[in-house]
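Source file: upload_30.txt (compact mmCIF, C-alpha atoms)
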# COMPACT_ATOMS: atom_id res chain seq x y z
CA MET K 29 18.77 -30.87 -87.64
CA LYS K 30 21.27 -28.28 -86.46
CA ALA K 31 18.80 -25.45 -87.14
CA SER K 32 16.11 -27.19 -85.12
CA PHE K 33 18.55 -27.75 -82.28
CA LYS K 34 19.57 -24.09 -82.29
CA THR K 35 15.91 -23.06 -82.34
CA GLY K 36 15.21 -25.34 -79.40
CA VAL K 37 18.17 -23.99 -77.44
CA ILE K 38 17.07 -20.41 -78.09
CA ALA K 39 13.49 -21.24 -77.09
CA LEU K 40 14.71 -22.91 -73.91
CA ALA K 41 16.91 -19.92 -73.11
CA PHE K 42 13.97 -17.55 -73.58
CA LEU K 43 11.80 -19.87 -71.44
CA ILE K 44 14.39 -19.86 -68.65
CA LEU K 45 14.78 -16.08 -68.94
CA GLY K 46 11.02 -15.62 -68.88
CA PHE K 47 10.71 -17.86 -65.83
CA GLN K 48 13.44 -15.93 -64.00
CA LEU K 49 11.80 -12.64 -64.98
CA ALA K 50 8.46 -13.90 -63.67
CA LEU K 51 10.11 -14.89 -60.38
CA PHE K 52 11.73 -11.48 -60.14
CA VAL K 53 8.42 -9.69 -60.82
CA HIS K 54 6.64 -11.89 -58.28
CA LYS K 55 9.29 -11.26 -55.63
CA ALA K 56 9.18 -7.53 -56.34
CA ALA K 57 5.39 -7.61 -56.03
CA VAL K 58 5.61 -9.42 -52.68
CA VAL K 59 8.15 -6.90 -51.41
CA ARG K 60 5.89 -4.08 -52.58
CA ILE K 61 2.81 -5.56 -50.86
CA VAL K 62 4.68 -6.06 -47.59
CA ALA K 63 6.19 -2.58 -47.82
CA ASN K 64 2.82 -0.96 -48.46
CA HIS K 65 1.43 -2.67 -45.39
CA ASP K 66 4.34 -2.37 -42.96
CA THR K 67 5.62 1.04 -44.02
CA PRO K 68 2.75 3.01 -45.58
CA ASP K 69 3.72 6.08 -47.50
CA THR K 70 3.04 9.66 -46.43
CA VAL K 71 -0.40 11.11 -46.90
CA PHE K 72 -0.93 14.84 -47.32
CA VAL K 73 -3.60 16.54 -45.25
CA TYR K 74 -4.47 20.04 -46.41
CA CYS K 75 -5.47 22.31 -43.55
CA GLU K 76 -7.07 25.73 -43.52
CA GLU K 77 -5.16 26.73 -40.36
CA ARG K 78 -1.42 27.13 -39.98
CA LEU K 79 0.61 24.64 -37.98
CA THR K 80 1.08 25.71 -34.36
CA ASP K 81 4.26 25.40 -32.35
CA ALA K 82 2.56 22.80 -30.15
CA SER K 83 2.42 20.20 -32.92
CA PRO K 84 4.63 17.18 -32.18
CA PRO K 85 7.63 17.29 -34.51
CA GLU K 86 7.79 13.51 -34.85
CA GLU K 87 4.21 13.34 -36.13
CA VAL K 88 3.84 16.49 -38.23
CA SER K 89 6.29 18.45 -40.34
CA LEU K 90 5.98 21.20 -42.95
CA ARG K 91 6.85 20.75 -46.59
CA SER K 92 9.32 23.31 -47.87
CA THR K 93 7.09 24.40 -50.74
CA PRO K 94 3.45 23.61 -51.50
CA PRO K 95 2.59 21.80 -54.72
CA SER K 96 1.52 23.96 -57.59
CA GLY K 97 -2.09 25.13 -57.23
CA ALA K 98 -2.57 23.12 -54.03
CA GLY K 99 -3.76 26.07 -51.96
CA PRO K 100 -2.78 26.25 -48.27
CA LEU K 101 0.53 24.79 -47.14
CA PRO K 102 0.00 21.03 -46.52
CA LEU K 103 1.03 19.04 -43.49
CA MET K 104 2.97 15.81 -43.87
CA VAL K 105 1.38 13.29 -41.52
CA PRO K 106 2.99 9.84 -41.30
CA ARG K 107 0.40 7.07 -41.68
CA VAL K 108 2.21 4.94 -39.10
CA ALA K 109 2.91 6.55 -35.73
CA GLN K 110 4.36 3.62 -33.82
CA LEU K 111 7.62 5.50 -33.19
CA SER K 112 5.73 8.03 -31.09
CA GLY K 113 4.42 5.25 -28.85
CA LEU K 114 0.80 6.02 -29.73
CA ASN K 115 -1.83 3.82 -31.31
CA ALA K 116 -2.02 5.19 -34.81
CA PRO K 117 -5.40 5.22 -36.54
CA ALA K 118 -6.05 2.22 -38.71
CA SER K 119 -5.36 2.80 -42.38
CA GLU K 120 -6.03 0.73 -45.48
CA PRO K 121 -3.25 -1.90 -45.29
CA PHE K 122 -3.54 -3.16 -48.90
CA ARG K 123 -3.68 -0.70 -51.77
CA ASN K 124 -3.61 -3.36 -54.52
CA SER K 125 -6.62 -3.92 -56.73
CA ASN K 126 -6.95 -7.57 -55.67
CA LYS K 127 -6.98 -7.06 -51.90
CA GLU K 128 -7.74 -10.64 -50.89
CA LYS K 129 -4.87 -12.01 -52.97
CA ALA K 130 -2.58 -9.28 -51.64
CA ARG K 131 -3.59 -10.19 -48.09
CA ARG K 132 -2.76 -13.86 -48.65
CA ILE K 133 0.60 -12.93 -50.13
CA TYR K 134 1.34 -10.72 -47.13
CA GLU K 135 0.42 -13.49 -44.66
CA GLN K 136 2.73 -15.96 -46.45
CA ALA K 137 5.63 -13.54 -46.86
CA PRO K 138 8.60 -14.53 -44.65
CA GLY K 139 9.98 -12.03 -42.15
CA ARG K 140 7.30 -9.40 -42.58
CA ARG K 141 7.72 -6.38 -40.34
CA THR K 142 5.75 -6.10 -37.10
CA GLU K 143 5.01 -3.01 -35.05
CA SER K 144 4.68 -2.28 -31.36
CA PHE K 145 2.36 0.44 -30.09
CA ASN K 146 0.00 1.04 -27.19
CA PHE K 147 -3.29 -0.84 -27.49
CA ASP K 148 -6.27 -2.08 -25.51
CA PRO K 149 -6.96 -5.74 -26.38
CA ASN K 150 -10.66 -5.12 -25.70
CA THR K 151 -11.00 -2.50 -28.44
CA VAL K 152 -8.06 -2.95 -30.85
CA SER K 153 -9.13 -3.53 -34.46
CA GLN K 154 -8.31 -6.55 -36.58
CA SER K 155 -6.03 -4.55 -38.87
CA ASP K 156 -4.08 -3.20 -35.89
CA LEU K 157 -3.76 -6.71 -34.43
CA GLN K 158 -2.15 -7.74 -37.72
CA ARG K 159 0.16 -4.73 -37.52
CA LEU K 160 1.14 -6.03 -34.07
CA GLY K 161 2.26 -9.28 -35.66
CA PHE K 162 -0.79 -11.55 -35.49
CA SER K 163 -1.92 -13.43 -38.58
CA GLU K 164 -5.32 -12.73 -40.05
CA LYS K 165 -6.76 -15.91 -38.49
CA GLN K 166 -5.25 -15.10 -35.08
CA ALA K 167 -6.63 -11.54 -35.20
CA MET K 168 -10.06 -12.83 -36.21
CA SER K 169 -9.96 -15.31 -33.31
CA ILE K 170 -9.33 -12.49 -30.81
CA ILE K 171 -12.14 -10.40 -32.31
CA ALA K 172 -14.51 -13.42 -32.22
CA TYR K 173 -13.70 -13.99 -28.53
CA ARG K 174 -14.70 -10.39 -27.76
CA GLU K 175 -17.86 -10.57 -29.85
CA LYS K 176 -18.98 -13.61 -27.85
CA GLY K 177 -18.75 -11.58 -24.64
CA GLY K 178 -15.14 -12.32 -23.71
CA ARG K 179 -13.12 -9.60 -22.01
CA PHE K 180 -9.47 -9.16 -21.13
CA ARG K 181 -9.55 -7.70 -17.64
CA ARG K 182 -5.82 -7.96 -17.01
CA LYS K 183 -2.71 -8.27 -19.13
CA SER K 184 -2.39 -11.87 -17.94
CA ASP K 185 -5.79 -12.64 -19.49
CA PHE K 186 -4.45 -11.66 -22.90
CA ALA K 187 -1.40 -13.87 -22.33
CA LYS K 188 -3.69 -16.86 -21.70
CA SER K 189 -5.27 -16.60 -25.15
CA TYR K 190 -4.22 -19.65 -27.18
CA VAL K 191 -3.31 -17.47 -30.19
CA VAL K 192 -0.86 -15.35 -28.17
CA ALA K 193 2.55 -17.01 -28.08
CA ASP K 194 4.78 -16.41 -25.06
CA SER K 195 7.37 -14.61 -27.19
CA VAL K 196 4.71 -12.35 -28.68
CA TYR K 197 3.29 -11.53 -25.25
CA ARG K 198 6.75 -10.66 -23.88
CA ARG K 199 7.21 -8.20 -26.75
CA LEU K 200 3.74 -6.65 -26.43
CA GLU K 201 3.32 -6.68 -22.63
CA PRO K 202 4.70 -3.12 -22.12
CA TYR K 203 2.26 -1.81 -24.74
CA ILE K 204 -0.92 -3.37 -23.33
CA HIS K 205 -3.04 -0.72 -21.65
CA ILE K 206 -6.41 -1.80 -20.24
CA PRO K 207 -8.26 1.18 -18.71
CA LYS K 208 -9.44 0.73 -15.15
CA ILE K 209 -13.11 1.14 -14.32
CA ASP K 210 -13.79 4.43 -12.54
CA ILE K 211 -16.31 3.63 -9.83
CA ASN K 212 -17.50 7.26 -9.84
CA LYS K 213 -18.26 7.25 -13.57
CA ALA K 214 -19.10 3.67 -14.55
CA ASP K 215 -22.64 2.52 -15.18
CA SER K 216 -24.08 -0.81 -14.08
CA ALA K 217 -23.09 -2.46 -17.38
CA ALA K 218 -19.44 -1.54 -16.79
CA PHE K 219 -19.57 -2.81 -13.20
CA ASP K 220 -21.06 -6.06 -14.47
CA THR K 221 -17.83 -6.78 -16.39
CA LEU K 222 -15.84 -7.01 -13.14
CA PRO K 223 -15.10 -10.51 -11.79
CA GLY K 224 -17.70 -11.73 -9.31
CA ILE K 225 -20.05 -8.83 -10.01
CA GLY K 226 -23.41 -9.74 -11.48
CA GLY K 227 -26.41 -7.59 -12.22
CA TRP K 228 -27.48 -7.35 -8.56
CA PHE K 229 -24.15 -6.10 -7.24
CA ALA K 230 -23.72 -3.79 -10.25
CA ALA K 231 -27.04 -2.10 -9.47
CA LYS K 232 -26.16 -1.83 -5.77
CA MET K 233 -22.81 -0.20 -6.60
CA VAL K 234 -24.57 2.51 -8.59
CA GLU K 235 -27.27 2.92 -5.92
CA TYR K 236 -24.77 3.26 -3.07
CA ARG K 237 -22.72 5.78 -5.06
CA THR K 238 -25.87 7.91 -5.40
CA GLN K 239 -26.48 7.76 -1.64
CA LEU K 240 -22.89 8.82 -0.90
CA ARG K 241 -23.02 11.42 -3.69
CA GLY K 242 -19.86 9.85 -5.01
CA TYR K 243 -17.30 7.40 -3.67
CA SER K 244 -14.37 8.93 -1.80
CA ASN K 245 -12.48 5.66 -1.41
CA PRO K 246 -12.72 2.34 -3.30
CA GLU K 247 -12.92 0.50 0.04
CA GLN K 248 -16.40 1.97 0.50
CA LEU K 249 -17.60 -0.79 -1.82
CA MET K 250 -17.23 -3.18 1.12
CA GLU K 251 -19.99 -1.23 2.91
CA ILE K 252 -22.48 -2.67 0.42
CA TYR K 253 -24.45 -5.62 1.79
CA ARG K 254 -22.61 -8.94 1.13
CA PHE K 255 -19.74 -7.17 -0.65
CA ASP K 256 -16.97 -8.72 1.43
CA ALA K 257 -13.19 -8.30 1.50
CA GLU K 258 -12.67 -11.38 -0.69
CA LYS K 259 -14.83 -9.91 -3.44
CA TYR K 260 -13.05 -6.56 -3.11
CA ASP K 261 -9.58 -8.14 -3.29
CA SER K 262 -10.53 -9.92 -6.52
CA LEU K 263 -11.15 -6.64 -8.35
CA LYS K 264 -9.35 -3.83 -6.53
CA ASP K 265 -6.58 -3.73 -9.15
CA LEU K 266 -9.18 -3.24 -11.90
CA ILE K 267 -10.85 -0.13 -10.50
CA CYS K 268 -10.00 3.47 -9.71
CA CYS K 269 -11.84 6.29 -7.96
CA SER K 270 -11.87 9.78 -9.43
CA PRO K 271 -12.44 12.70 -7.01
CA ALA K 272 -16.06 13.30 -6.03
CA GLU K 273 -17.71 16.43 -4.72
CA PRO K 274 -17.49 16.64 -0.88
CA TYR K 275 -20.66 15.70 0.97
CA PRO K 276 -22.29 18.73 2.70
CA PHE K 277 -22.09 17.20 6.15
CA TRP K 278 -20.75 20.11 8.19
CA THR K 279 -22.42 22.81 6.12
CA GLY K 280 -25.63 21.14 4.92
CA SER K 281 -29.14 21.06 6.29
CA LEU K 282 -30.73 18.60 8.67
CA ASP K 283 -32.08 16.67 5.68
CA ASP K 284 -28.59 16.53 4.13
CA ILE K 285 -27.15 14.96 7.27
CA ARG K 286 -30.06 12.60 7.72
CA SER K 287 -29.78 11.47 4.08
CA HIS K 288 -26.21 10.29 4.58
CA PRO K 289 -26.16 6.46 4.54
CA HIS K 290 -24.14 6.37 7.78
CA ILE K 291 -26.58 8.57 9.72
CA ARG K 292 -30.19 7.89 8.63
CA ARG K 293 -31.76 8.59 12.03
CA TYR K 294 -33.46 11.93 12.68
CA ASP K 295 -32.29 12.18 16.31
CA THR K 296 -28.67 11.58 15.29
CA ALA K 297 -28.85 14.23 12.57
CA LYS K 298 -30.44 16.69 15.03
CA ALA K 299 -27.67 16.00 17.57
CA ILE K 300 -25.02 16.74 14.90
CA ILE K 301 -26.72 20.06 14.14
CA LEU K 302 -26.68 20.97 17.84
CA TYR K 303 -23.04 19.91 18.07
CA ARG K 304 -22.14 22.17 15.13
CA GLU K 305 -23.96 25.12 16.68
CA ASN K 306 -22.30 24.80 20.07
CA THR K 307 -18.69 23.97 19.21
CA PRO K 308 -15.99 25.93 17.36
CA ALA K 309 -15.37 25.05 13.69
CA GLU K 310 -12.01 23.42 14.40
CA GLU K 311 -13.82 20.78 16.48
CA HIS K 312 -16.19 19.82 13.65
CA THR K 313 -14.61 16.43 13.08
CA VAL K 314 -15.72 12.81 13.02
CA GLN K 315 -13.55 12.21 16.09
CA GLY K 316 -15.33 15.06 17.86
CA LEU K 317 -18.73 13.46 17.18
CA LEU K 318 -17.39 10.12 18.46
CA ASP K 319 -15.96 11.71 21.63
CA ALA K 320 -19.30 13.43 22.24
CA GLY K 321 -21.11 10.10 22.03
CA ILE K 322 -23.23 11.18 19.06
CA ILE K 323 -22.07 8.44 16.69
CA SER K 324 -20.78 4.90 17.21
CA GLY K 325 -17.33 3.59 16.50
CA GLU K 326 -18.59 1.81 13.35
CA GLN K 327 -20.20 5.02 12.10
CA ALA K 328 -16.99 6.92 12.82
CA ALA K 329 -14.89 4.39 10.89
CA ARG K 330 -17.17 4.63 7.87
CA LEU K 331 -17.46 8.42 7.96
CA ALA K 332 -13.67 8.64 8.12
CA LEU K 333 -13.58 7.31 4.53
CA CYS K 334 -15.94 10.01 3.32
CA ASN K 335 -15.00 13.40 1.95
CA LEU K 336 -17.09 15.71 4.13
CA LYS K 337 -17.40 19.47 4.07
I need this file expressed as structure tokens, please.
Amino acid sequence: MKASFKTGVIALAFLILGFQLALFVHKAAVVRIVANHDTPDTVFVYCEERLTDASPPEEVSLRSTPPSGAGPLPLMVPRVAQLSGLNAPASEPFRNSNKEKARRIYEQAPGRRTESFNFDPNTVSQSDLQRLGFSEKQAMSIIAYREKGGRFRRKSDFAKSYVVADSVYRRLEPYIHIPKIDINKADSAAFDTLPGIGGWFAAKMVEYRTQLRGYSNPEQLMEIYRFDAEKYDSLKDLICCSPAEPYPFWTGSLDDIRSHPHIRRYDTAKAIILYRENTPAEEHTVQGLLDAGIISGEQAARLALCNLK
């Protein structure tokens, strides 16, 4: 009886020890999974060229000695570059053999580390959304919204998403960067993403840009038929206007002047040519044409927005 009792006690002790060891191994595995995802190790990129002085020290550093038989001196490139404020390229977040199980463990792990880096909510990947602190389901919801045609035009649009908590948005708001649409480079599909702009207006915006040979001022959009101030105000914070080549108005031919959308008429273009030929160069101004009675006040106001040469 005593021997059986001792055997039972020993077995129970080993069972308890085994259970505690299993808990320890499981906890260590969870810590390892979270660490591999939140703080990936350093990868070595072997380059044929030597590191230049222009390389950012926080992103690239030289090893003191190359590994035996490795060839050229390697560069140490951190796999996570959030400290530099840049959107680091997505890397494989789970290096375990059973990735799905590792992903579930990571999602359930308390207090996992989150990162903050610059991102565009219209293009950010699912893995980077999870690095930003979203769960897998939340990240998939954002991706699904985009795949169905949804677009975040402003930071406030991202804040309105039901998967973005107020506290999360406050943390990420400084890192949200949504590129503006350049009206001198965008195609009709890009214009169509702007609020209140359908296919008809998008086509007209491209067509009018061609006639002007490039927009000089975003307000020139309001010169398009039925493109009123209300429509412009609804999107002016979403667009920008890169420099365009000056229109050859003071140096071009009769056809160049006549082709300008604010001239059109042959007699007006001919009068501008005569004005150029009979006045000094310093008087070749829109105001000079207005004072000479060659153009109207409306034409003068519109030409004043143009970059003429």
Have a look at K:Lys188, K:His312, K:Lys232, K:Arg237 and name the one nearest to K:Phe255; count only C-alpha atoms. K:Lys232
Closest of K:Ser262, K:Thr279, K:Asn306, K:Ser324 to K:Lys337 - atom-to-atom distances counting all atoms listed in the file: K:Thr279
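Taking atom CA of K:Ile209 and atom CA of K:Arg181 as the two end points, the separation is 10.1 Å.
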Identify, on the basis of only C-alpha atoms, every residue whose closest approach to K:Cys268 does not exceed 7 Å; exclude the query and any residue fewer than 4 positions from it along the same chain; express the result as a list in words. Lys208, Ile209, Asp210 and Ile211 of chain K
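Checking K:Pro149, K:Pro271, K:Gly36, K:Gly227 one by one against K:Ala167, counting all atoms listed in the file, you find the shortest gap at K:Pro149.
For the atom pair formed by atom CA of K:Leu302 and atom CA of K:Ser287, the distance is 17.0 Å, given to one decimal.
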Quick one: residues within 12 Å of K:Lys264, only C-alpha atoms, excluding same-chain residues fewer than 6 positions away - as an mmCIF file with C-alpha atoms, in the coordinates of the input?
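This went into result-v8.cif:
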data_model
loop_
_atom_site.group_PDB
_atom_site.id
_atom_site.type_symbol
_atom_site.label_atom_id
_atom_site.label_comp_id
_atom_site.auth_asym_id
_atom_site.auth_seq_id
_atom_site.Cartn_x
_atom_site.Cartn_y
_atom_site.Cartn_z
ATOM 1 C CA ARG K 181 -9.550 -7.700 -17.640
ATOM 2 C CA ARG K 182 -5.820 -7.960 -17.010
ATOM 3 C CA LYS K 208 -9.440 0.730 -15.150
ATOM 4 C CA ILE K 209 -13.110 1.140 -14.320
ATOM 5 C CA ASP K 210 -13.790 4.430 -12.540
ATOM 6 C CA ILE K 211 -16.310 3.630 -9.830
ATOM 7 C CA LEU K 222 -15.840 -7.010 -13.140
ATOM 8 C CA PRO K 223 -15.100 -10.510 -11.790
ATOM 9 C CA GLY K 224 -17.700 -11.730 -9.310
ATOM 10 C CA ASN K 245 -12.480 5.660 -1.410
ATOM 11 C CA PRO K 246 -12.720 2.340 -3.300
ATOM 12 C CA GLU K 247 -12.920 0.500 0.040
ATOM 13 C CA GLN K 248 -16.400 1.970 0.500
ATOM 14 C CA LEU K 249 -17.600 -0.790 -1.820
ATOM 15 C CA MET K 250 -17.230 -3.180 1.120
ATOM 16 C CA ALA K 257 -13.190 -8.300 1.500
ATOM 17 C CA GLU K 258 -12.670 -11.380 -0.690
#
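When atom CA of K:Ile204 is paired with atom CA of K:Ser216, their separation reads 25.1 Å.
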Find the residues around K:Thr151 up to 12 Å (only C-alpha atoms counted), leave out those fewer than 5 positions away in its own chain, and share them as a list in words. Asn115, Asn146, Asp156, Leu157, Ile170, Ile171, Tyr173, Arg174, Glu175, Gly178, Arg179, Phe180, Ile204, His205, Ile206 and Pro207 of chain K
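Proximity to K:Asp215 was assessed for K:Leu45, K:Val234, K:Ala309, K:Ala50 counting only C-alpha atoms; the smallest distance is recorded for K:Val234.
Shortest separation to K:Gly280 among K:Leu336, K:Val191, K:Leu51, K:Leu263 occurs at residue K:Leu336, atoms counted being only C-alpha atoms.
With only C-alpha atoms as the atoms that count, the minimum distance from K:Tyr203 to the choices K:Asp283, K:Asp256, K:Asp185, K:Asp148 is reached by K:Asp148.
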Regenerate stretch 241-257 of chain K at the level of N, CA and C atoms and dump it as a PDB file, in the frame of the given file.
ATOM      1  N   ARG K 241     -23.293  10.308  -2.774  1.00  0.00           N
ATOM      2  CA  ARG K 241     -23.020  11.420  -3.690  1.00  0.00           C
ATOM      3  C   ARG K 241     -21.593  11.336  -4.236  1.00  0.00           C
ATOM      4  N   GLY K 242     -21.179  10.107  -4.454  1.00  0.00           N
ATOM      5  CA  GLY K 242     -19.860   9.850  -5.010  1.00  0.00           C
ATOM      6  C   GLY K 242     -18.964   9.125  -4.020  1.00  0.00           C
ATOM      7  N   TYR K 243     -18.243   8.120  -4.524  1.00  0.00           N
ATOM      8  CA  TYR K 243     -17.300   7.400  -3.670  1.00  0.00           C
ATOM      9  C   TYR K 243     -16.076   8.276  -3.391  1.00  0.00           C
ATOM     10  N   SER K 244     -15.611   8.238  -2.170  1.00  0.00           N
ATOM     11  CA  SER K 244     -14.370   8.930  -1.800  1.00  0.00           C
ATOM     12  C   SER K 244     -13.199   7.969  -1.710  1.00  0.00           C
ATOM     13  N   ASN K 245     -13.501   6.679  -1.569  1.00  0.00           N
ATOM     14  CA  ASN K 245     -12.480   5.660  -1.410  1.00  0.00           C
ATOM     15  C   ASN K 245     -13.013   4.346  -1.964  1.00  0.00           C
ATOM     16  N   PRO K 246     -12.221   3.620  -2.753  1.00  0.00           N
ATOM     17  CA  PRO K 246     -12.720   2.340  -3.300  1.00  0.00           C
ATOM     18  C   PRO K 246     -13.157   1.355  -2.230  1.00  0.00           C
ATOM     19  N   GLU K 247     -12.572   1.441  -1.025  1.00  0.00           N
ATOM     20  CA  GLU K 247     -12.920   0.500   0.040  1.00  0.00           C
ATOM     21  C   GLU K 247     -14.357   0.672   0.514  1.00  0.00           C
ATOM     22  N   GLN K 248     -14.995   1.780   0.131  1.00  0.00           N
ATOM     23  CA  GLN K 248     -16.400   1.970   0.500  1.00  0.00           C
ATOM     24  C   GLN K 248     -17.304   0.946  -0.173  1.00  0.00           C
ATOM     25  N   LEU K 249     -16.810   0.270  -1.189  1.00  0.00           N
ATOM     26  CA  LEU K 249     -17.600  -0.790  -1.820  1.00  0.00           C
ATOM     27  C   LEU K 249     -17.919  -1.893  -0.815  1.00  0.00           C
ATOM     28  N   MET K 250     -17.019  -2.114   0.144  1.00  0.00           N
ATOM     29  CA  MET K 250     -17.230  -3.180   1.120  1.00  0.00           C
ATOM     30  C   MET K 250     -18.327  -2.832   2.133  1.00  0.00           C
ATOM     31  N   GLU K 251     -18.866  -1.616   2.055  1.00  0.00           N
ATOM     32  CA  GLU K 251     -19.990  -1.230   2.910  1.00  0.00           C
ATOM     33  C   GLU K 251     -21.314  -1.698   2.313  1.00  0.00           C
ATOM     34  N   ILE K 252     -21.287  -2.141   1.057  1.00  0.00           N
ATOM     35  CA  ILE K 252     -22.480  -2.670   0.420  1.00  0.00           C
ATOM     36  C   ILE K 252     -22.786  -4.053   0.991  1.00  0.00           C
ATOM     37  N   TYR K 253     -24.029  -4.347   1.195  1.00  0.00           N
ATOM     38  CA  TYR K 253     -24.450  -5.620   1.790  1.00  0.00           C
ATOM     39  C   TYR K 253     -23.882  -6.800   0.996  1.00  0.00           C
ATOM     40  N   ARG K 254     -23.201  -7.698   1.666  1.00  0.00           N
ATOM     41  CA  ARG K 254     -22.610  -8.940   1.130  1.00  0.00           C
ATOM     42  C   ARG K 254     -21.421  -8.684   0.202  1.00  0.00           C
ATOM     43  N   PHE K 255     -20.944  -7.464   0.144  1.00  0.00           N
ATOM     44  CA  PHE K 255     -19.740  -7.170  -0.650  1.00  0.00           C
ATOM     45  C   PHE K 255     -18.554  -7.270   0.317  1.00  0.00           C
ATOM     46  N   ASP K 256     -17.984  -8.466   0.420  1.00  0.00           N
ATOM     47  CA  ASP K 256     -16.970  -8.720   1.430  1.00  0.00           C
ATOM     48  C   ASP K 256     -15.557  -8.416   0.934  1.00  0.00           C
ATOM     49  N   ALA K 257     -14.587  -8.599   1.823  1.00  0.00           N
ATOM     50  CA  ALA K 257     -13.190  -8.300   1.500  1.00  0.00           C
ATOM     51  C   ALA K 257     -12.665  -9.211   0.393  1.00  0.00           C
TER      52      ALA K 257
END
